[in-house]
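See below for entry.csv, which holds CSV, C-alpha atoms.
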```
chain,number,residue,atom,x,y,z
V,1101,MET,CA,0.0,0.0,0.0
V,1102,THR,CA,1.4,3.4,-1.0
V,1103,THR,CA,1.1,6.5,1.2
V,1104,THR,CA,0.6,9.7,-0.8
V,1105,VAL,CA,1.7,13.1,0.6
V,1106,ARG,CA,1.6,16.6,-0.9
V,1107,THR,CA,4.2,19.3,-0.9
V,1108,ARG,CA,5.3,22.3,-3.0
V,1109,VAL,CA,8.8,21.1,-3.7
V,1110,ALA,CA,10.1,17.6,-3.6
V,1111,ILE,CA,13.9,17.7,-3.1
V,1112,VAL,CA,15.9,14.5,-3.8
V,1113,GLY,CA,19.2,14.6,-1.9
V,1114,ALA,CA,20.1,15.8,1.6
V,1115,GLY,CA,23.5,17.2,0.6
V,1116,PRO,CA,24.5,20.8,0.7
V,1117,ALA,CA,22.4,21.8,-2.3
V,1118,GLY,CA,19.2,20.0,-1.2
V,1119,LEU,CA,19.4,21.1,2.4
V,1120,LEU,CA,20.3,24.7,1.7
V,1121,LEU,CA,17.5,25.0,-0.9
V,1122,SER,CA,14.9,23.7,1.6
V,1123,HIS,CA,16.2,26.3,4.1
V,1124,LEU,CA,16.0,29.2,1.7
V,1125,LEU,CA,12.5,28.1,0.4
V,1126,ALA,CA,11.2,27.8,4.0
V,1127,GLU,CA,12.4,31.4,4.6
V,1128,ALA,CA,10.0,32.4,1.8
V,1129,GLY,CA,7.2,30.3,3.2
V,1130,ILE,CA,7.5,27.5,0.6
V,1131,GLU,CA,7.3,24.0,2.1
V,1132,SER,CA,9.4,21.1,0.8
V,1133,ILE,CA,10.1,17.5,1.5
V,1134,VAL,CA,13.8,16.3,1.4
V,1135,LEU,CA,14.6,12.6,0.7
V,1136,ASP,CA,17.9,10.8,0.9
V,1137,ARG,CA,18.8,7.1,0.7
V,1138,ARG,CA,21.6,7.6,3.2
V,1139,SER,CA,21.4,7.7,7.0
V,1140,ARG,CA,22.0,10.9,8.9
V,1141,ALA,CA,25.2,9.5,10.4
V,1142,GLU,CA,26.5,8.6,7.0
V,1143,ILE,CA,25.8,12.1,5.6
V,1144,GLU,CA,27.4,13.8,8.5
V,1145,SER,CA,30.6,11.7,8.6
V,1146,THR,CA,31.6,11.6,4.9
V,1147,ILE,CA,34.7,13.7,4.6
V,1148,ARG,CA,34.7,16.2,1.6
V,1149,ALA,CA,36.5,19.3,0.6
V,1150,GLY,CA,36.6,22.2,3.0
V,1151,ILE,CA,37.2,25.5,1.1
V,1152,LEU,CA,34.3,27.9,0.9
V,1153,GLU,CA,34.1,30.9,-1.3
V,1154,GLN,CA,33.2,34.2,0.4
V,1155,GLU,CA,29.8,34.3,-1.2
V,1156,THR,CA,29.1,30.8,0.1
V,1157,VAL,CA,30.0,31.8,3.6
V,1158,ARG,CA,27.8,34.9,3.3
V,1159,VAL,CA,24.8,32.9,2.2
V,1160,LEU,CA,25.2,30.3,5.0
V,1161,SER,CA,25.8,32.9,7.7
V,1162,GLU,CA,23.3,35.6,6.6
V,1163,SER,CA,20.5,33.1,6.0
V,1164,GLY,CA,20.9,31.5,9.4
V,1165,ALA,CA,21.9,28.1,7.9
V,1166,SER,CA,25.2,28.1,9.8
V,1167,GLU,CA,26.4,30.1,12.7
V,1168,ARG,CA,29.6,28.0,13.1
V,1169,VAL,CA,31.0,28.8,9.7
V,1170,LEU,CA,32.3,32.1,11.0
V,1171,ALA,CA,32.8,31.1,14.6
V,1172,VAL,CA,34.7,27.8,13.9
V,1173,GLY,CA,35.8,28.2,10.2
V,1174,THR,CA,39.2,29.6,9.5
V,1175,ARG,CA,39.5,32.6,7.1
V,1176,HIS,CA,42.3,32.2,4.6
V,1177,ASP,CA,43.6,35.2,2.7
V,1178,GLY,CA,45.8,33.4,0.2
V,1179,ILE,CA,47.3,30.2,-1.1
V,1180,GLU,CA,50.9,29.3,-2.0
V,1181,LEU,CA,51.9,28.0,-5.4
V,1182,ARG,CA,55.1,26.0,-5.0
V,1183,PHE,CA,57.4,24.9,-7.8
V,1184,GLU,CA,61.1,24.4,-8.3
V,1185,GLY,CA,61.5,24.4,-4.6
V,1186,GLU,CA,60.2,28.0,-4.1
V,1187,GLY,CA,56.9,29.2,-2.7
V,1188,HIS,CA,54.9,32.0,-4.3
V,1189,ARG,CA,51.9,33.4,-2.3
V,1190,ILE,CA,48.8,34.6,-4.0
V,1191,ASP,CA,47.3,37.4,-1.7
V,1192,PHE,CA,43.5,37.3,-2.2
V,1193,PRO,CA,42.4,40.5,-0.4
V,1194,SER,CA,45.0,42.7,-2.1
V,1195,LEU,CA,44.0,41.3,-5.5
V,1196,THR,CA,40.2,40.9,-5.2
V,1197,GLY,CA,39.1,42.2,-1.8
V,1198,ARG,CA,37.8,38.7,-1.0
V,1199,SER,CA,38.9,35.7,1.0
V,1200,VAL,CA,38.0,32.0,1.4
V,1201,TRP,CA,37.1,30.0,4.5
V,1202,LEU,CA,38.4,26.5,5.6
V,1203,TYR,CA,35.3,24.7,6.9
V,1204,PRO,CA,34.8,21.1,5.9
V,1205,GLN,CA,31.7,20.1,4.0
V,1206,HIS,CA,30.6,17.6,6.6
V,1207,GLU,CA,30.5,20.4,9.2
V,1208,VAL,CA,28.3,22.4,6.8
V,1209,LEU,CA,26.0,19.4,6.6
V,1210,LYS,CA,25.8,19.0,10.3
V,1211,ASP,CA,24.8,22.7,10.6
V,1212,LEU,CA,22.2,22.4,7.8
V,1213,ILE,CA,20.6,19.2,9.2
V,1214,ALA,CA,20.4,20.7,12.7
V,1215,ALA,CA,18.8,23.9,11.4
V,1216,ARG,CA,16.3,22.1,9.2
V,1217,LEU,CA,15.2,19.6,11.9
V,1218,ALA,CA,14.9,22.4,14.4
V,1219,ALA,CA,12.6,24.3,12.0
V,1220,GLY,CA,10.4,21.2,11.5
V,1221,GLN,CA,11.6,20.3,8.0
V,1222,ASP,CA,10.2,17.1,6.6
V,1223,LEU,CA,13.6,15.4,6.2
V,1224,ARG,CA,13.5,11.7,5.4
V,1225,PHE,CA,16.7,9.7,5.7
V,1226,GLU,CA,17.2,6.1,4.5
V,1227,THR,CA,14.5,6.6,1.8
V,1228,GLU,CA,15.3,5.3,-1.6
V,1229,VAL,CA,13.7,7.2,-4.5
V,1230,THR,CA,12.4,4.8,-7.1
V,1231,GLY,CA,10.8,7.0,-9.7
V,1232,VAL,CA,10.1,10.5,-10.9
V,1233,GLY,CA,7.2,11.3,-13.3
V,1234,ASP,CA,4.9,13.8,-14.9
V,1235,VAL,CA,7.5,16.5,-15.0
V,1236,GLU,CA,6.0,18.0,-18.1
V,1237,THR,CA,2.8,18.7,-16.1
V,1238,ASP,CA,2.3,21.1,-13.2
V,1239,ARG,CA,1.9,18.1,-10.9
V,1240,PRO,CA,5.1,16.1,-11.0
V,1241,TRP,CA,5.6,13.2,-8.5
V,1242,VAL,CA,8.3,11.2,-6.8
V,1243,THR,CA,8.0,7.6,-5.5
V,1244,ALA,CA,10.2,6.2,-2.8
V,1245,THR,CA,10.7,3.3,-0.4
V,1246,THR,CA,11.5,3.8,3.2
V,1247,ALA,CA,14.0,1.7,5.2
V,1248,ASP,CA,11.0,-0.3,6.5
V,1249,GLY,CA,10.0,-1.2,3.0
V,1250,ASP,CA,7.0,1.2,2.9
V,1251,ALA,CA,6.0,2.8,-0.4
V,1252,VAL,CA,5.6,6.6,-0.5
V,1253,ARG,CA,4.4,8.9,-3.3
V,1254,ILE,CA,5.1,12.6,-3.1
V,1255,ASP,CA,2.9,14.9,-5.3
V,1256,ALA,CA,4.6,18.3,-5.8
V,1257,ASP,CA,4.6,21.5,-7.8
V,1258,PHE,CA,8.3,21.0,-8.6
V,1259,VAL,CA,11.0,18.3,-8.3
V,1260,VAL,CA,14.6,19.1,-7.6
V,1261,GLY,CA,17.4,16.6,-8.2
V,1262,ALA,CA,20.2,17.4,-5.7
V,1263,ASP,CA,21.2,13.7,-5.3
V,1264,GLY,CA,24.8,13.7,-6.5
V,1265,SER,CA,26.6,12.3,-9.5
V,1266,ARG,CA,24.5,9.1,-9.6
V,1267,SER,CA,21.3,11.1,-9.6
V,1268,VAL,CA,18.0,9.2,-10.0
V,1269,VAL,CA,16.3,12.4,-11.1
V,1270,ARG,CA,18.7,13.0,-14.0
V,1271,PRO,CA,16.9,10.7,-16.4
V,1272,ALA,CA,13.7,12.7,-16.0
V,1273,VAL,CA,15.6,15.8,-17.0
V,1274,THR,CA,18.0,14.6,-19.7
V,1275,GLY,CA,16.4,11.4,-20.8
V,1276,SER,CA,19.5,9.4,-19.6
V,1277,SER,CA,21.4,8.8,-16.4
V,1278,THR,CA,24.7,9.6,-18.2
V,1279,GLY,CA,23.6,12.2,-20.7
V,1280,GLY,CA,26.2,15.0,-20.5
V,1281,TYR,CA,29.6,16.4,-21.4
V,1282,PHE,CA,32.2,14.2,-19.8
V,1283,ARG,CA,36.0,14.2,-19.3
V,1284,GLU,CA,38.0,11.7,-17.2
V,1285,TYR,CA,41.6,12.6,-16.1
V,1286,PRO,CA,44.5,10.2,-16.1
V,1287,PHE,CA,45.3,10.8,-12.5
V,1288,ALA,CA,43.7,10.8,-9.0
V,1289,TRP,CA,44.4,12.1,-5.5
V,1290,PHE,CA,45.7,9.9,-2.7
V,1291,GLY,CA,44.2,11.7,0.3
V,1292,ILE,CA,45.0,11.3,3.9
V,1293,LEU,CA,43.8,12.6,7.3
V,1294,CYS,CA,46.6,12.6,9.8
V,1295,GLU,CA,47.1,13.5,13.4
V,1296,ALA,CA,49.7,16.3,13.3
V,1297,PRO,CA,50.0,20.1,13.7
V,1298,PRO,CA,49.6,22.2,10.6
V,1299,SER,CA,52.5,22.2,8.2
V,1300,SER,CA,51.4,25.6,6.8
V,1301,ASP,CA,49.0,28.4,7.8
V,1302,GLU,CA,47.5,28.3,4.2
V,1303,LEU,CA,47.1,25.7,1.5
V,1304,ILE,CA,50.1,24.8,-0.5
V,1305,TYR,CA,49.6,23.7,-4.1
V,1306,SER,CA,52.9,22.1,-5.1
V,1307,ASN,CA,54.0,21.2,-8.6
V,1308,SER,CA,57.1,19.0,-8.7
V,1309,ALA,CA,58.9,16.7,-11.0
V,1310,GLU,CA,57.6,13.9,-8.8
V,1311,GLY,CA,54.0,14.9,-9.2
V,1312,PHE,CA,51.5,17.2,-7.5
V,1313,ALA,CA,50.8,17.6,-3.8
V,1314,LEU,CA,48.3,19.6,-1.8
V,1315,ILE,CA,49.0,20.5,1.8
V,1316,SER,CA,45.8,21.5,3.5
V,1317,GLN,CA,44.5,21.8,7.1
V,1318,ARG,CA,41.5,20.8,9.2
V,1319,SER,CA,42.3,21.8,12.8
V,1320,ALA,CA,45.1,22.4,15.2
V,1321,THR,CA,45.6,18.6,15.5
V,1322,VAL,CA,44.2,17.0,12.3
V,1323,GLN,CA,45.4,17.8,8.8
V,1324,ARG,CA,44.2,16.9,5.3
V,1325,MET,CA,46.8,16.2,2.5
V,1326,TYR,CA,46.8,14.8,-1.0
V,1327,PHE,CA,49.3,13.7,-3.6
V,1328,GLN,CA,48.8,12.8,-7.3
V,1329,CYS,CA,48.5,9.1,-7.9
V,1330,ASP,CA,47.3,6.6,-10.5
V,1331,PRO,CA,43.4,6.3,-10.6
V,1332,ASP,CA,43.7,2.6,-9.9
V,1333,ALA,CA,45.9,3.0,-6.8
V,1334,ALA,CA,44.7,1.1,-3.7
V,1335,PRO,CA,44.3,3.2,-0.6
V,1336,ASP,CA,46.1,0.5,1.5
V,1337,ALA,CA,49.0,0.1,-0.9
V,1338,LEU,CA,51.4,2.4,1.0
V,1339,SER,CA,52.6,2.4,4.5
V,1340,ASP,CA,52.5,5.5,6.6
V,1341,GLU,CA,56.2,5.9,6.1
V,1342,GLU,CA,55.9,5.6,2.3
V,1343,ILE,CA,53.0,8.2,2.3
V,1344,TRP,CA,55.1,10.7,4.2
V,1345,GLU,CA,58.2,10.1,2.0
V,1346,THR,CA,56.0,10.7,-1.1
V,1347,LEU,CA,54.4,13.9,0.3
V,1348,GLN,CA,57.8,15.3,1.4
V,1349,ALA,CA,59.4,14.6,-1.9
V,1350,ARG,CA,56.7,16.6,-3.7
V,1351,VAL,CA,56.9,19.7,-1.4
V,1352,PRO,CA,60.6,20.5,-1.6
V,1353,GLY,CA,61.6,23.4,0.6
V,1354,THR,CA,58.8,22.9,3.1
V,1355,ALA,CA,59.3,20.6,6.2
V,1356,LEU,CA,56.1,18.7,6.7
V,1357,ALA,CA,54.8,17.9,10.2
V,1358,ALA,CA,54.2,14.2,10.1
V,1359,GLY,CA,52.0,12.1,12.3
V,1360,PRO,CA,49.8,8.9,12.3
V,1361,VAL,CA,47.6,8.5,9.2
V,1362,ILE,CA,44.0,8.0,10.5
V,1363,GLN,CA,42.2,7.9,7.1
V,1364,ARG,CA,43.1,7.3,3.5
V,1365,ASP,CA,41.2,7.3,0.2
V,1366,VAL,CA,41.7,7.7,-3.5
V,1367,LEU,CA,39.7,10.4,-5.3
V,1368,ARG,CA,39.2,10.1,-9.0
V,1369,PHE,CA,39.1,13.2,-11.3
V,1370,ARG,CA,36.1,13.7,-13.5
V,1371,SER,CA,34.5,16.7,-15.2
V,1372,PHE,CA,30.8,16.4,-16.1
V,1373,VAL,CA,28.0,18.8,-17.2
V,1374,ALA,CA,24.5,17.4,-17.9
V,1375,HIS,CA,23.1,18.0,-21.3
V,1376,GLU,CA,20.0,19.6,-19.7
V,1377,LEU,CA,19.6,21.2,-16.3
V,1378,ARG,CA,15.8,21.6,-16.5
V,1379,HIS,CA,12.9,19.8,-18.1
V,1380,GLY,CA,9.4,20.9,-17.4
V,1381,ARG,CA,9.0,21.0,-13.6
V,1382,ALA,CA,12.2,19.1,-12.8
V,1383,VAL,CA,15.7,20.6,-12.4
V,1384,LEU,CA,19.2,19.4,-11.5
V,1385,VAL,CA,21.6,21.2,-9.1
V,1386,GLY,CA,24.9,20.4,-7.5
V,1387,ASP,CA,26.7,17.2,-8.5
V,1388,ALA,CA,23.6,15.9,-10.1
V,1389,ALA,CA,24.1,18.7,-12.7
V,1390,HIS,CA,27.9,18.9,-12.8
V,1391,THR,CA,31.1,17.7,-11.2
V,1392,VAL,CA,34.6,19.2,-11.3
V,1393,PRO,CA,38.1,18.1,-10.3
V,1394,PRO,CA,38.8,19.2,-6.7
V,1395,THR,CA,41.9,21.3,-7.7
V,1396,GLY,CA,40.0,24.6,-8.0
V,1397,ALA,CA,37.8,24.1,-4.8
V,1398,LYS,CA,34.6,24.6,-6.8
V,1399,GLY,CA,32.3,21.6,-6.1
V,1400,MET,CA,30.3,22.7,-3.1
V,1401,ASN,CA,30.6,26.4,-4.0
V,1402,LEU,CA,29.1,25.8,-7.4
V,1403,ALA,CA,26.2,23.9,-5.8
V,1404,VAL,CA,25.5,26.8,-3.5
V,1405,ALA,CA,25.5,29.2,-6.5
V,1406,ASP,CA,23.0,26.9,-8.3
V,1407,VAL,CA,20.7,26.9,-5.2
V,1408,VAL,CA,20.8,30.7,-4.8
V,1409,LEU,CA,19.7,31.0,-8.4
V,1410,LEU,CA,17.0,28.3,-8.2
V,1411,ASP,CA,15.6,29.7,-4.9
V,1412,ARG,CA,14.8,33.0,-6.6
V,1413,ALA,CA,13.3,31.2,-9.6
V,1414,LEU,CA,11.1,29.0,-7.6
V,1415,GLN,CA,9.9,31.8,-5.4
V,1416,ALA,CA,8.9,33.7,-8.5
V,1417,LEU,CA,7.2,30.7,-10.0
V,1418,LEU,CA,5.4,29.4,-6.9
V,1419,LEU,CA,4.5,32.6,-5.2
V,1420,GLU,CA,4.0,35.0,-8.1
V,1421,ASN,CA,3.2,32.6,-11.0
V,1422,ASP,CA,6.1,34.2,-12.9
V,1423,ALA,CA,8.1,31.6,-15.0
V,1424,ARG,CA,10.7,34.0,-16.4
V,1425,LEU,CA,13.5,33.1,-14.0
V,1426,ILE,CA,12.9,29.4,-14.1
V,1427,ASP,CA,12.8,29.5,-17.9
V,1428,ALA,CA,16.2,31.3,-17.8
V,1429,PHE,CA,17.7,29.1,-15.0
V,1430,ALA,CA,19.7,26.7,-17.2
V,1431,GLU,CA,21.2,29.3,-19.4
V,1432,THR,CA,22.2,31.5,-16.5
V,1433,ALA,CA,23.5,28.7,-14.4
V,1434,LEU,CA,25.6,27.3,-17.2
V,1435,GLN,CA,27.6,30.5,-17.6
V,1436,ARG,CA,29.0,30.1,-14.1
V,1437,ILE,CA,29.3,26.3,-14.5
V,1438,TRP,CA,31.5,26.4,-17.6
V,1439,LYS,CA,33.7,29.1,-16.0
V,1440,ALA,CA,34.2,26.8,-13.0
V,1441,GLN,CA,34.9,23.9,-15.4
V,1442,HIS,CA,37.5,25.9,-17.2
V,1443,PHE,CA,39.2,27.1,-13.9
V,1444,SER,CA,39.2,23.6,-12.5
V,1445,TRP,CA,40.7,22.1,-15.7
V,1446,TRP,CA,43.3,24.9,-15.8
V,1447,MET,CA,44.4,24.5,-12.3
V,1448,THR,CA,44.5,20.7,-12.7
V,1449,SER,CA,46.5,20.9,-16.0
V,1450,MET,CA,48.9,23.5,-14.7
V,1451,LEU,CA,49.8,21.6,-11.4
V,1452,HIS,CA,49.7,17.9,-12.3
V,1453,THR,CA,52.3,15.9,-14.1
V,1454,ALA,CA,51.0,13.7,-17.0
V,1455,ARG,CA,52.4,10.2,-17.3
V,1456,ASP,CA,53.5,10.8,-20.8
V,1457,ALA,CA,54.9,14.3,-20.3
V,1458,SER,CA,58.0,15.2,-22.2
V,1459,ASP,CA,60.8,17.5,-21.2
V,1460,PHE,CA,59.1,20.2,-23.3
V,1461,ASP,CA,55.8,19.7,-21.5
V,1462,ARG,CA,57.5,20.0,-18.1
V,1463,ARG,CA,59.4,23.2,-19.0
V,1464,ARG,CA,56.3,24.7,-20.6
V,1465,GLN,CA,54.3,24.0,-17.4
V,1466,ILE,CA,56.9,25.8,-15.3
V,1467,GLY,CA,56.7,28.7,-17.8
V,1468,GLU,CA,53.0,28.8,-17.3
V,1469,LEU,CA,53.4,28.9,-13.5
V,1470,ARG,CA,55.9,31.7,-13.8
V,1471,SER,CA,53.5,33.6,-16.0
V,1472,VAL,CA,50.9,33.5,-13.2
V,1473,VAL,CA,53.1,34.3,-10.2
V,1474,GLU,CA,55.2,37.0,-11.9
V,1475,SER,CA,52.3,38.9,-13.2
V,1476,GLU,CA,49.7,40.8,-11.2
V,1477,ALA,CA,47.2,40.1,-14.0
V,1478,GLY,CA,47.9,36.4,-13.8
V,1479,GLN,CA,47.6,36.4,-10.0
V,1480,THR,CA,44.4,38.3,-10.2
V,1481,PHE,CA,42.8,35.9,-12.6
V,1482,LEU,CA,43.6,33.0,-10.3
V,1483,ALA,CA,42.5,34.9,-7.2
V,1484,GLU,CA,39.2,36.0,-8.7
V,1485,ALA,CA,38.3,32.5,-9.8
V,1486,TYR,CA,39.5,30.8,-6.6
V,1487,THR,CA,37.6,33.1,-4.2
V,1488,GLY,CA,34.6,33.0,-6.4
V,1489,TRP,CA,32.5,35.2,-8.7
V,1490,PRO,CA,29.6,37.2,-7.3
V,1491,HIS,CA,26.3,35.3,-7.3
V,1492,GLU,CA,23.9,36.2,-10.1
V,1493,GLY,CA,22.1,39.4,-9.2
V,1494,THR,CA,24.2,40.0,-6.1
V,1495,PRO,CA,26.8,42.8,-5.9
V,1496,GLY,CA,30.4,42.0,-5.0
V,1497,ARG,CA,31.0,42.0,-1.2
V,1498,GLY,CA,33.9,43.1,0.9
V,1499,SER,CA,35.7,40.9,3.4
V,1500,LEU,CA,33.5,39.2,6.1
V,1501,SER,CA,34.6,39.6,9.7
V,1502,GLU,CA,36.7,37.0,11.3
```

Taking this structure as input, can you express it in the form of structure tokens?
Amino acid sequence: MTTTVRTRVAIVGAGPAGLLLSHLLAEAGIESIVLDRRSRAEIESTIRAGILEQETVRVLSESGASERVLAVGTRHDGIELRFEGEGHRIDFPSLTGRSVWLYPQHEVLKDLIAARLAAGQDLRFETEVTGVGDVETDRPWVTATTADGDAVRIDADFVVGADGSRSVVRPAVTGSSTGGYFREYPFAWFGILCEAPPSSDELIYSNSAEGFALISQRSATVQRMYFQCDPDAAPDALSDEEIWETLQARVPGTALAAGPVIQRDVLRFRSFVAHELRHGRAVLVGDAAHTVPPTGAKGMNLAVADVVLLDRALQALLLENDARLIDAFAETALQRIWKAQHFSWWMTSMLHTARDASDFDRRRQIGELRSVVESEAGQTFLAEAYTGWPHEGTPGRGSLSE
């Protein structure tokens, strides 16, 4: 027997995009139901990237979605590009007037889940979506099965796919689960969490003859670091000692603070943009719509930009019966998405060493890095993209307070 419920917006996916959208819609008086196949514990414990653009921080803090992002998150005013044994700092505020914040995605999710549950959000964990239909009408629906095996149907005015790169909503929008522009890269990141003090106050992006490494932080006692590896590498293939030898060899000139490795994983690199972002009364946002390599720190930030745009469009449609913004959503969102795709590809290509790279390729790459760090225009291009472009319809902002 199927239980049928009614809501204005059915949101599939309780990641940053889905939860933030439900929060912003609720602020406007638009109810929603959020479904996710994962448990709350799984969502809150999955470690993801932790760099937030200034506009992302502004949206989270000013909307009341997260108070901790400013209280606990750490403001970073630059990054270091390291090559040929020398570091070159890119100073964000002096170049753009903006900064970024180090605040891991799972902490953002904890904040969003707590805020939504406190507000009475209908948030259904461990609920598997099994179908999406009638998106070409003004009464689309979603069917799902709960952890207890109960069947549920949700009738809505709009369906949002915010359910990640394996989106079950995507076929209703694009006609295919894989329909999109796709690129896979010939390398991956071997990532670790370790118990150690920070090796640097800011992120270090290091290009070396041995391959790329990223030295990041998490807290005063736990750090996150990555190095370039083969996509088929096994996380348990290296000992702690071999991991530290690899990292240190790829960051010459910087003495790393080593410690026990408490988590390790291999992160593959893919770029993807769905052929369509919207069809009728269904739309894709976040990783359901696009994925980027992590080098440019764009994944979650791009999802937030999607949501800000979609929130305005759905308010106009559902509260004022004005379809102009939702009709323009895909074209407007894609402008930022492709800029982010280019920046992520550019940072990845400039910093990583291809397996078949020749001496010419290597020297050309160093020339490219020098063209960036020795030019104010080059540094500004990187800083503008890294700290993030203003959200559509939102003027540029100055620095947020610490």

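By only C-alpha atoms, and with residues fewer than 5 positions from Met1447 (chain V) along its chain excluded, the set lying at most 12 Å from it is Leu1181, Tyr1305, Ser1306, Asn1307, Phe1312, Val1392, Pro1393, Pro1394, Thr1395, Gly1396, Ala1397, Lys1398, Ala1440, Gln1441, His1442, His1452, Thr1453, Gln1465, Glu1468, Leu1469, Val1472, Phe1481, Leu1482, Ala1483, Ala1485 and Tyr1486 of chain V.
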
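Comparing the minimum interatomic distances between Gly1280 (chain V) and each of V:Val1105, V:Ala1218, V:Leu1377, V:Val1172, counting all atoms listed in the file, we find that V:Leu1377 sits nearest.
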
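From CA of Glu1310 (chain V) back to CA of Asp1456 (chain V), the distance works out to 13.1 Å.
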
*Taking into account all atoms listed in the file, which residue in the set V:Glu1341, V:Asp1234, V:Asp1263, V:Asp1255 is nearest to Ala1382 (chain V)?*
V:Asp1234

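For the pair CA of Leu1414 (chain V) and CA of Ala1117 (chain V), the interatomic distance is 14.4 Å.
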
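Minimum atom-to-atom distance to Ser1132 (chain V), evaluated using all atoms listed in the file, belongs to V:Gly1118 out of V:Gly1118, V:Gly1311, V:Pro1352, V:Pro1193.
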
*Could you tell me how far CA of Leu1419 (chain V) lies from CA of Thr1107 (chain V), in Å and to one decimal?*
14.0 Å

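Of the residues under consideration (V:Gly1478, V:Gly1249, V:Gly1187, V:Gly1115), V:Gly1249 shows the shortest atom-to-atom contact distance to Thr1102 (chain V) when counting all atoms listed in the file.
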
*Minimum-distance residue to Ile1426 (chain V), chosen among V:Phe1258, V:Gly1399, V:Ser1145, V:Gly1164 (using all atoms listed in the file)*: V:Phe1258

*Out of V:Leu1120, V:Ala1110, V:Val1373, V:Ala1244, which residue has the shortest atom-to-atom distance to Val1159 (chain V) when counting only C-alpha atoms?*
V:Leu1120

For Thr1237 (chain V), work out the shell of residues within 9 Å, counting only C-alpha atoms and skipping chain neighbours fewer than 3 positions away, then give it as a PDB file with C-alpha atoms, keeping the file's coordinate frame.
```
ATOM      1  CA  ASP V1234       4.900  13.800 -14.900  1.00  0.00           C
ATOM      2  CA  PRO V1240       5.100  16.100 -11.000  1.00  0.00           C
ATOM      3  CA  ASP V1257       4.600  21.500  -7.800  1.00  0.00           C
ATOM      4  CA  GLY V1380       9.400  20.900 -17.400  1.00  0.00           C
ATOM      5  CA  ARG V1381       9.000  21.000 -13.600  1.00  0.00           C
TER       6      ARG V1381
END
```

*Would you list the contacts of Gly1220 (chain V) as number ranges by chain, taking every protein, DNA or RNA residue within 12 Å and counting only C-alpha atoms, but skipping same-chain residues closer than 2 positions in sequence?*
V: 1122-1123, 1126, 1131-1134, 1213-1218, 1222-1224

_Set the distance at 9 Å and use only C-alpha atoms: which residues neighbour Pro1297 (chain V) once local chain neighbours fewer than 4 positions away are removed? I'd like the list as number ranges by chain._
V: 1317, 1319-1323, 1357-1359

*Contacts of Leu1356 (chain V) within 9 Å, all atoms listed in the file, excl. fewer than 3 positions in-chain, as a PyMOL selection string*: chain V and resi 1298-1300+1315+1344+1347-1348+1351

Protein and nucleic acid residues near (18.3, 34.4, -9.5) (cut-off 10 Å, only C-alpha atoms) as a compact mmCIF listing (two decimals) with C-alpha atoms, in the frame of the given file:
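As a result, result_4.txt now contains:
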```txt
# COMPACT_ATOMS: atom_id res chain seq x y z
CA ALA V 1405 25.50 29.20 -6.50
CA ASP V 1406 23.00 26.90 -8.30
CA VAL V 1407 20.70 26.90 -5.20
CA VAL V 1408 20.80 30.70 -4.80
CA LEU V 1409 19.70 31.00 -8.40
CA LEU V 1410 17.00 28.30 -8.20
CA ASP V 1411 15.60 29.70 -4.90
CA ARG V 1412 14.80 33.00 -6.60
CA ALA V 1413 13.30 31.20 -9.60
CA LEU V 1414 11.10 29.00 -7.60
CA GLN V 1415 9.90 31.80 -5.40
CA ALA V 1416 8.90 33.70 -8.50
CA LEU V 1425 13.50 33.10 -14.00
CA ILE V 1426 12.90 29.40 -14.10
CA ALA V 1428 16.20 31.30 -17.80
CA PHE V 1429 17.70 29.10 -15.00
CA THR V 1432 22.20 31.50 -16.50
CA ALA V 1433 23.50 28.70 -14.40
CA HIS V 1491 26.30 35.30 -7.30
CA GLU V 1492 23.90 36.20 -10.10
CA GLY V 1493 22.10 39.40 -9.20
CA THR V 1494 24.20 40.00 -6.10
```
